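What's in target_6.pdb: PDB, C-alpha atoms
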ATOM      1  CA  GLN A  10       0.000   0.000   0.000  1.00  0.00           C
ATOM      2  CA  VAL A  11       1.290   3.432  -0.971  1.00  0.00           C
ATOM      3  CA  LEU A  12      -0.115   6.567   0.626  1.00  0.00           C
ATOM      4  CA  LEU A  13       0.188   9.957  -1.064  1.00  0.00           C
ATOM      5  CA  VAL A  14      -0.757  13.198   0.655  1.00  0.00           C
ATOM      6  CA  GLU A  15      -0.758  16.537  -1.138  1.00  0.00           C
ATOM      7  CA  SER A  16      -0.127  19.793   0.634  1.00  0.00           C
ATOM      8  CA  ARG A  17      -2.868  22.346   0.881  1.00  0.00           C
ATOM      9  CA  GLY A  18      -3.420  24.345  -2.286  1.00  0.00           C
ATOM     10  CA  GLY A  19      -4.881  27.787  -2.188  1.00  0.00           C
ATOM     11  CA  LEU A  20      -6.107  30.911  -3.865  1.00  0.00           C
ATOM     12  CA  VAL A  21      -3.619  32.974  -5.836  1.00  0.00           C
ATOM     13  CA  GLN A  22      -3.881  35.862  -8.255  1.00  0.00           C
ATOM     14  CA  ALA A  23      -3.021  35.443 -11.894  1.00  0.00           C
ATOM     15  CA  GLY A  24       0.702  35.801 -12.412  1.00  0.00           C
ATOM     16  CA  GLY A  25       1.437  34.523  -8.941  1.00  0.00           C
ATOM     17  CA  SER A  26       3.205  31.389  -7.757  1.00  0.00           C
ATOM     18  CA  LEU A  27       2.378  28.408  -5.607  1.00  0.00           C
ATOM     19  CA  ARG A  28       4.276  25.269  -4.630  1.00  0.00           C
ATOM     20  CA  LEU A  29       2.546  21.985  -4.016  1.00  0.00           C
ATOM     21  CA  SER A  30       4.157  19.046  -2.303  1.00  0.00           C
ATOM     22  CA  CYS A  31       3.289  15.368  -2.256  1.00  0.00           C
ATOM     23  CA  ALA A  32       4.499  13.196   0.591  1.00  0.00           C
ATOM     24  CA  ILE A  33       4.659   9.484  -0.119  1.00  0.00           C
ATOM     25  CA  SER A  34       4.845   6.619   2.355  1.00  0.00           C
ATOM     26  CA  GLY A  35       4.414   2.875   2.381  1.00  0.00           C
ATOM     27  CA  ARG A  36       6.959   1.550  -0.149  1.00  0.00           C
ATOM     28  CA  PRO A  37      10.444   2.519  -1.299  1.00  0.00           C
ATOM     29  CA  PHE A  38       9.841   5.990  -2.662  1.00  0.00           C
ATOM     30  CA  SER A  39      12.694   5.877  -5.136  1.00  0.00           C
ATOM     31  CA  SER A  40      11.095   2.983  -7.019  1.00  0.00           C
ATOM     32  CA  TYR A  41       8.133   5.071  -8.161  1.00  0.00           C
ATOM     33  CA  VAL A  42       7.533   7.485 -10.979  1.00  0.00           C
ATOM     34  CA  ILE A  43       5.548  10.389  -9.567  1.00  0.00           C
ATOM     35  CA  GLY A  44       3.131  12.435 -11.602  1.00  0.00           C
ATOM     36  CA  TRP A  45       0.873  15.427 -11.110  1.00  0.00           C
ATOM     37  CA  PHE A  46      -2.548  15.602 -12.686  1.00  0.00           C
ATOM     38  CA  ARG A  47      -5.369  18.108 -12.439  1.00  0.00           C
ATOM     39  CA  GLN A  48      -9.084  18.127 -12.950  1.00  0.00           C
ATOM     40  CA  ALA A  49     -11.195  21.203 -13.523  1.00  0.00           C
ATOM     41  CA  PRO A  50     -14.975  21.184 -13.039  1.00  0.00           C
ATOM     42  CA  GLY A  51     -16.715  19.420 -15.887  1.00  0.00           C
ATOM     43  CA  LYS A  52     -13.454  18.285 -17.453  1.00  0.00           C
ATOM     44  CA  GLU A  53     -11.470  15.071 -17.507  1.00  0.00           C
ATOM     45  CA  ARG A  54      -8.415  14.578 -15.371  1.00  0.00           C
ATOM     46  CA  GLU A  55      -5.363  15.711 -17.328  1.00  0.00           C
ATOM     47  CA  PHE A  56      -1.647  15.128 -17.094  1.00  0.00           C
ATOM     48  CA  VAL A  57       0.462  18.028 -15.799  1.00  0.00           C
ATOM     49  CA  ALA A  58       3.982  16.764 -15.111  1.00  0.00           C
ATOM     50  CA  THR A  59       5.925  13.669 -14.154  1.00  0.00           C
ATOM     51  CA  ILE A  60       9.360  12.810 -12.846  1.00  0.00           C
ATOM     52  CA  SER A  61      11.383   9.617 -13.158  1.00  0.00           C
ATOM     53  CA  TRP A  62      12.591   7.423 -10.310  1.00  0.00           C
ATOM     54  CA  SER A  63      15.916   9.203  -9.919  1.00  0.00           C
ATOM     55  CA  GLY A  64      14.639  12.652 -10.793  1.00  0.00           C
ATOM     56  CA  SER A  65      16.873  12.826 -13.844  1.00  0.00           C
ATOM     57  CA  TYR A  66      14.015  12.980 -16.334  1.00  0.00           C
ATOM     58  CA  THR A  67      10.860  15.060 -16.394  1.00  0.00           C
ATOM     59  CA  LYS A  68       7.945  15.573 -18.740  1.00  0.00           C
ATOM     60  CA  TYR A  69       5.386  18.352 -18.879  1.00  0.00           C
ATOM     61  CA  ALA A  70       2.097  19.081 -20.532  1.00  0.00           C
ATOM     62  CA  ASN A  71       2.429  21.749 -23.208  1.00  0.00           C
ATOM     63  CA  SER A  72       0.065  23.988 -21.283  1.00  0.00           C
ATOM     64  CA  VAL A  73       2.424  24.249 -18.298  1.00  0.00           C
ATOM     65  CA  ASN A  74       5.838  23.790 -19.901  1.00  0.00           C
ATOM     66  CA  GLY A  75       8.086  26.672 -18.944  1.00  0.00           C
ATOM     67  CA  ARG A  76       5.866  27.723 -16.037  1.00  0.00           C
ATOM     68  CA  PHE A  77       5.754  24.629 -13.817  1.00  0.00           C
ATOM     69  CA  THR A  78       8.685  22.659 -12.441  1.00  0.00           C
ATOM     70  CA  ILE A  79       8.495  19.204 -10.908  1.00  0.00           C
ATOM     71  CA  SER A  80      11.224  17.964  -8.575  1.00  0.00           C
ATOM     72  CA  ARG A  81      11.719  15.253  -5.987  1.00  0.00           C
ATOM     73  CA  ASP A  82      13.690  14.742  -2.809  1.00  0.00           C
ATOM     74  CA  ASN A  83      14.159  11.019  -2.315  1.00  0.00           C
ATOM     75  CA  ASP A  84      15.588  11.552   1.167  1.00  0.00           C
ATOM     76  CA  LYS A  85      12.340  13.220   2.226  1.00  0.00           C
ATOM     77  CA  ASN A  86      10.024  10.994   0.170  1.00  0.00           C
ATOM     78  CA  THR A  87       8.496  14.128  -1.302  1.00  0.00           C
ATOM     79  CA  VAL A  88       7.764  15.477  -4.761  1.00  0.00           C
ATOM     80  CA  TYR A  89       7.199  19.148  -5.448  1.00  0.00           C
ATOM     81  CA  LEU A  90       5.349  21.072  -8.126  1.00  0.00           C
ATOM     82  CA  GLN A  91       6.471  24.673  -8.375  1.00  0.00           C
ATOM     83  CA  MET A  92       3.874  26.653 -10.311  1.00  0.00           C
ATOM     84  CA  ASN A  93       4.815  30.101 -11.601  1.00  0.00           C
ATOM     85  CA  ASN A  94       2.976  32.650 -13.710  1.00  0.00           C
ATOM     86  CA  LEU A  95      -0.309  31.016 -12.834  1.00  0.00           C
ATOM     87  CA  LYS A  96      -3.307  31.586 -15.059  1.00  0.00           C
ATOM     88  CA  PRO A  97      -7.041  31.314 -14.356  1.00  0.00           C
ATOM     89  CA  GLU A  98      -7.137  28.231 -16.580  1.00  0.00           C
ATOM     90  CA  ASP A  99      -4.796  26.499 -14.108  1.00  0.00           C
ATOM     91  CA  THR A 100      -7.671  26.414 -11.625  1.00  0.00           C
ATOM     92  CA  ALA A 101      -8.353  22.779 -10.778  1.00  0.00           C
ATOM     93  CA  VAL A 102      -8.011  20.069  -8.189  1.00  0.00           C
ATOM     94  CA  TYR A 103      -4.433  18.830  -8.349  1.00  0.00           C
ATOM     95  CA  PHE A 104      -3.548  15.206  -7.659  1.00  0.00           C
ATOM     96  CA  CYS A 105      -0.226  13.466  -7.260  1.00  0.00           C
ATOM     97  CA  ALA A 106       0.078   9.853  -8.298  1.00  0.00           C
ATOM     98  CA  ALA A 107       2.645   7.045  -8.143  1.00  0.00           C
ATOM     99  CA  GLY A 108       3.373   4.521 -10.843  1.00  0.00           C
ATOM    100  CA  ARG A 109       6.081   2.278 -12.218  1.00  0.00           C
ATOM    101  CA  ARG A 110       6.060   3.014 -15.950  1.00  0.00           C
ATOM    102  CA  TRP A 111       8.539   5.166 -17.795  1.00  0.00           C
ATOM    103  CA  GLY A 112       9.798   5.177 -21.338  1.00  0.00           C
ATOM    104  CA  PRO A 113       9.091   6.424 -24.863  1.00  0.00           C
ATOM    105  CA  ALA A 114       5.928   4.336 -25.158  1.00  0.00           C
ATOM    106  CA  VAL A 115       4.405   5.577 -21.910  1.00  0.00           C
ATOM    107  CA  GLN A 116       1.820   8.291 -22.503  1.00  0.00           C
ATOM    108  CA  HIS A 117       1.508   9.221 -18.832  1.00  0.00           C
ATOM    109  CA  THR A 118      -2.241   9.043 -18.718  1.00  0.00           C
ATOM    110  CA  ALA A 119      -4.083   8.426 -15.476  1.00  0.00           C
ATOM    111  CA  ASN A 120      -4.127   4.708 -16.299  1.00  0.00           C
ATOM    112  CA  ASP A 121      -0.334   4.589 -16.039  1.00  0.00           C
ATOM    113  CA  TYR A 122      -0.466   5.390 -12.313  1.00  0.00           C
ATOM    114  CA  ASP A 123      -1.470   3.008  -9.565  1.00  0.00           C
ATOM    115  CA  TYR A 124      -1.800   5.115  -6.423  1.00  0.00           C
ATOM    116  CA  TRP A 125      -3.385   8.530  -5.965  1.00  0.00           C
ATOM    117  CA  GLY A 126      -3.577  11.288  -3.414  1.00  0.00           C
ATOM    118  CA  GLN A 127      -6.842  12.843  -2.332  1.00  0.00           C
ATOM    119  CA  GLY A 128      -6.320  16.038  -4.315  1.00  0.00           C
ATOM    120  CA  THR A 129      -5.915  19.683  -3.400  1.00  0.00           C
ATOM    121  CA  GLN A 130      -7.721  22.725  -4.766  1.00  0.00           C
ATOM    122  CA  VAL A 131      -5.809  25.441  -6.584  1.00  0.00           C
ATOM    123  CA  THR A 132      -7.768  28.524  -7.597  1.00  0.00           C
ATOM    124  CA  VAL A 133      -6.289  31.292  -9.713  1.00  0.00           C
ATOM    125  CA  SER A 134      -8.214  34.546  -9.808  1.00  0.00           C
ATOM    126  CA  SER A 135      -8.032  36.947 -12.724  1.00  0.00           C
TER     127      SER A 135
END
In structure tokens, how does this file's structure come out?
Amino acid sequence: QVLLVESRGGLVQAGGSLRLSCAISGRPFSSYVIGWFRQAPGKEREFVATISWSGSYTKYANSVNGRFTISRDNDKNTVYLQMNNLKPEDTAVYFCAAGRRWGPAVQHTANDYDYWGQGTQVTVSS
């Protein structure tokens, strides 16, 4: 069993920044790929960013590339999502997730992840 707990999100003005964290417990943290997803009201859950086991490789959705940065601290069993230059369209519930799949064929959809946090609300006002 793997438990993921996201930090509290919040309300931020457009152009502002926010950092989310995801604390993982239950299994060797370094063996998991960790991703961030988000889901806005009335929309499907979408991929945001992911980081490989060692932290050497990252991938981002086009919509956040250049504004968001994912990182991990394997000593603290924590993954971070630094979000800069936030936009109203970034408003969503953000989830972290743990999985085992990485590679050119992996699309990093929700189905590629096995364990999920409970989600945290991020609201960006215009």
* Asked: Neighbours of region 80-94 of chain A within 10 Å (all atoms listed in the file; same-chain residues fewer than 4 positions away dropped), as a PyMOL selection string?
  -> chain A and resi 13-16+22-34+36-40+43-45+57-67+73+75-76+99+105
Which residues fall under the PyMOL selection byres ((chain A and resi 46) around 6) in this file, as a PDB file with C-alpha atoms, in the coordinates of the input?
ATOM      1  CA  TRP A  45       0.873  15.427 -11.110  1.00  0.00           C
ATOM      2  CA  ARG A  47      -5.369  18.108 -12.439  1.00  0.00           C
ATOM      3  CA  GLU A  55      -5.363  15.711 -17.328  1.00  0.00           C
ATOM      4  CA  PHE A  56      -1.647  15.128 -17.094  1.00  0.00           C
ATOM      5  CA  VAL A  57       0.462  18.028 -15.799  1.00  0.00           C
ATOM      6  CA  TYR A 103      -4.433  18.830  -8.349  1.00  0.00           C
ATOM      7  CA  PHE A 104      -3.548  15.206  -7.659  1.00  0.00           C
TER       8      PHE A 104
END
* **Non-local contacts of Asn120 (chain A) (12 Å; all atoms listed in the file; under 3 positions in same chain excluded) as a ChimeraX atom specification** => /A:44,46,54-56,106-110,115-117,123-125
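Residues surrounding Ala49 (chain A) within 8 Å are Arg47, Gly51, Lys52, Glu53, Arg54, Thr100, Ala101 and Val102 of chain A [all atoms listed in the file; sequence separation below 2 positions excluded].
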* Asked: CA of Glu98 (chain A) and CA of Ala119 (chain A), how far apart in Å?
  -> 20.1 Å
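Minimum atom-to-atom distances from A:Asn74, A:Leu20, A:Pro113, A:Gly128 to Pro97 (chain A) were compared using only C-alpha atoms, and the lowest value belongs to A:Leu20.
Closest approach to Val42 (chain A) from the set A:Val21, A:Thr129, A:Thr118, A:Trp111 is made by A:Trp111, with distances taken over all atoms listed in the file.
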* **Who sits within 7 Å of Gly19 (chain A), all atoms listed in the file, same chain under 5 positions skipped, as a list in words** => Gln130, Val131 and Thr132 of chain A
Could those residues be written to a file, using C-alpha atoms, as a compact mmCIF listing (two decimals), in the coordinates of the input?
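Here's the written file again.txt:
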# COMPACT_ATOMS: atom_id res chain seq x y z
CA GLN A 130 -7.72 22.72 -4.77
CA VAL A 131 -5.81 25.44 -6.58
CA THR A 132 -7.77 28.52 -7.60
* To do: Could you tell me how far CA of Asp121 (chain A) lies from CA of Leu12 (chain A), in Å and to one decimal?
  =>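 Here the two named atoms are 16.8 Å from each other.
The gap separating CA of Tyr122 (chain A) from CA of Thr78 (chain A) is 19.5 Å, in Å to one decimal.
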Got a minute to add all heavy atoms to region 21-32 of chain A and dump it as a CSV table (one decimal), in the coordinates of the input?
chain,number,residue,atom,x,y,z
A,21,VAL,N,-4.7,32.1,-5.4
A,21,VAL,CA,-3.6,33.0,-5.8
A,21,VAL,C,-4.1,33.8,-7.0
A,21,VAL,O,-4.9,33.4,-7.8
A,21,VAL,CB,-2.4,32.1,-6.2
A,21,VAL,CG1,-2.6,31.2,-7.3
A,21,VAL,CG2,-1.2,33.0,-6.4
A,22,GLN,N,-3.5,35.0,-7.1
A,22,GLN,CA,-3.9,35.9,-8.3
A,22,GLN,C,-3.1,35.4,-9.5
A,22,GLN,O,-2.0,34.8,-9.4
A,22,GLN,CB,-3.5,37.3,-7.9
A,22,GLN,CG,-4.5,37.9,-6.9
A,22,GLN,CD,-4.2,39.4,-6.8
A,22,GLN,OE1,-3.1,39.9,-7.0
A,22,GLN,NE2,-5.3,40.2,-6.4
A,23,ALA,N,-3.7,35.7,-10.6
A,23,ALA,CA,-3.0,35.4,-11.9
A,23,ALA,C,-1.6,36.1,-11.9
A,23,ALA,O,-1.5,37.2,-11.5
A,23,ALA,CB,-3.9,35.9,-13.1
A,24,GLY,N,-0.7,35.3,-12.4
A,24,GLY,CA,0.7,35.8,-12.4
A,24,GLY,C,1.5,35.4,-11.2
A,24,GLY,O,2.7,35.6,-11.1
A,25,GLY,N,0.8,34.9,-10.2
A,25,GLY,CA,1.4,34.5,-8.9
A,25,GLY,C,2.0,33.1,-9.0
A,25,GLY,O,2.0,32.5,-10.0
A,26,SER,N,2.5,32.7,-7.9
A,26,SER,CA,3.2,31.4,-7.8
A,26,SER,C,2.7,30.6,-6.6
A,26,SER,O,2.2,31.2,-5.6
A,26,SER,CB,4.7,31.6,-7.6
A,26,SER,OG,5.3,32.2,-8.7
A,27,LEU,N,2.8,29.3,-6.7
A,27,LEU,CA,2.4,28.4,-5.6
A,27,LEU,C,3.2,27.1,-5.7
A,27,LEU,O,3.5,26.7,-6.8
A,27,LEU,CB,0.9,28.1,-5.7
A,27,LEU,CG,0.2,27.4,-4.6
A,27,LEU,CD1,0.2,28.3,-3.4
A,27,LEU,CD2,-1.3,27.0,-5.0
A,28,ARG,N,3.6,26.5,-4.6
A,28,ARG,CA,4.3,25.3,-4.6
A,28,ARG,C,3.4,24.2,-3.9
A,28,ARG,O,3.1,24.4,-2.8
A,28,ARG,CB,5.7,25.4,-4.0
A,28,ARG,CG,6.5,24.1,-4.2
A,28,ARG,CD,7.9,24.2,-3.6
A,28,ARG,NE,7.9,23.9,-2.2
A,28,ARG,CZ,9.0,23.6,-1.5
A,28,ARG,NH1,10.1,23.4,-2.1
A,28,ARG,NH2,8.9,23.4,-0.2
A,29,LEU,N,3.2,23.1,-4.6
A,29,LEU,CA,2.5,22.0,-4.0
A,29,LEU,C,3.6,20.9,-3.7
A,29,LEU,O,4.6,20.8,-4.3
A,29,LEU,CB,1.5,21.4,-5.0
A,29,LEU,CG,0.4,22.3,-5.5
A,29,LEU,CD1,-0.5,21.5,-6.5
A,29,LEU,CD2,-0.4,22.8,-4.3
A,30,SER,N,3.3,20.2,-2.6
A,30,SER,CA,4.2,19.0,-2.3
A,30,SER,C,3.3,17.8,-2.2
A,30,SER,O,2.1,17.9,-1.9
A,30,SER,CB,5.0,19.3,-1.0
A,30,SER,OG,4.1,19.4,0.1
A,31,CYS,N,4.0,16.7,-2.4
A,31,CYS,CA,3.3,15.4,-2.3
A,31,CYS,C,4.2,14.5,-1.4
A,31,CYS,O,5.3,14.1,-1.9
A,31,CYS,CB,3.0,14.8,-3.6
A,31,CYS,SG,2.4,13.1,-3.7
A,32,ALA,N,3.7,14.1,-0.3
A,32,ALA,CA,4.5,13.2,0.6
A,32,ALA,C,4.0,11.8,0.4
A,32,ALA,O,2.8,11.5,0.4
A,32,ALA,CB,4.3,13.6,2.0
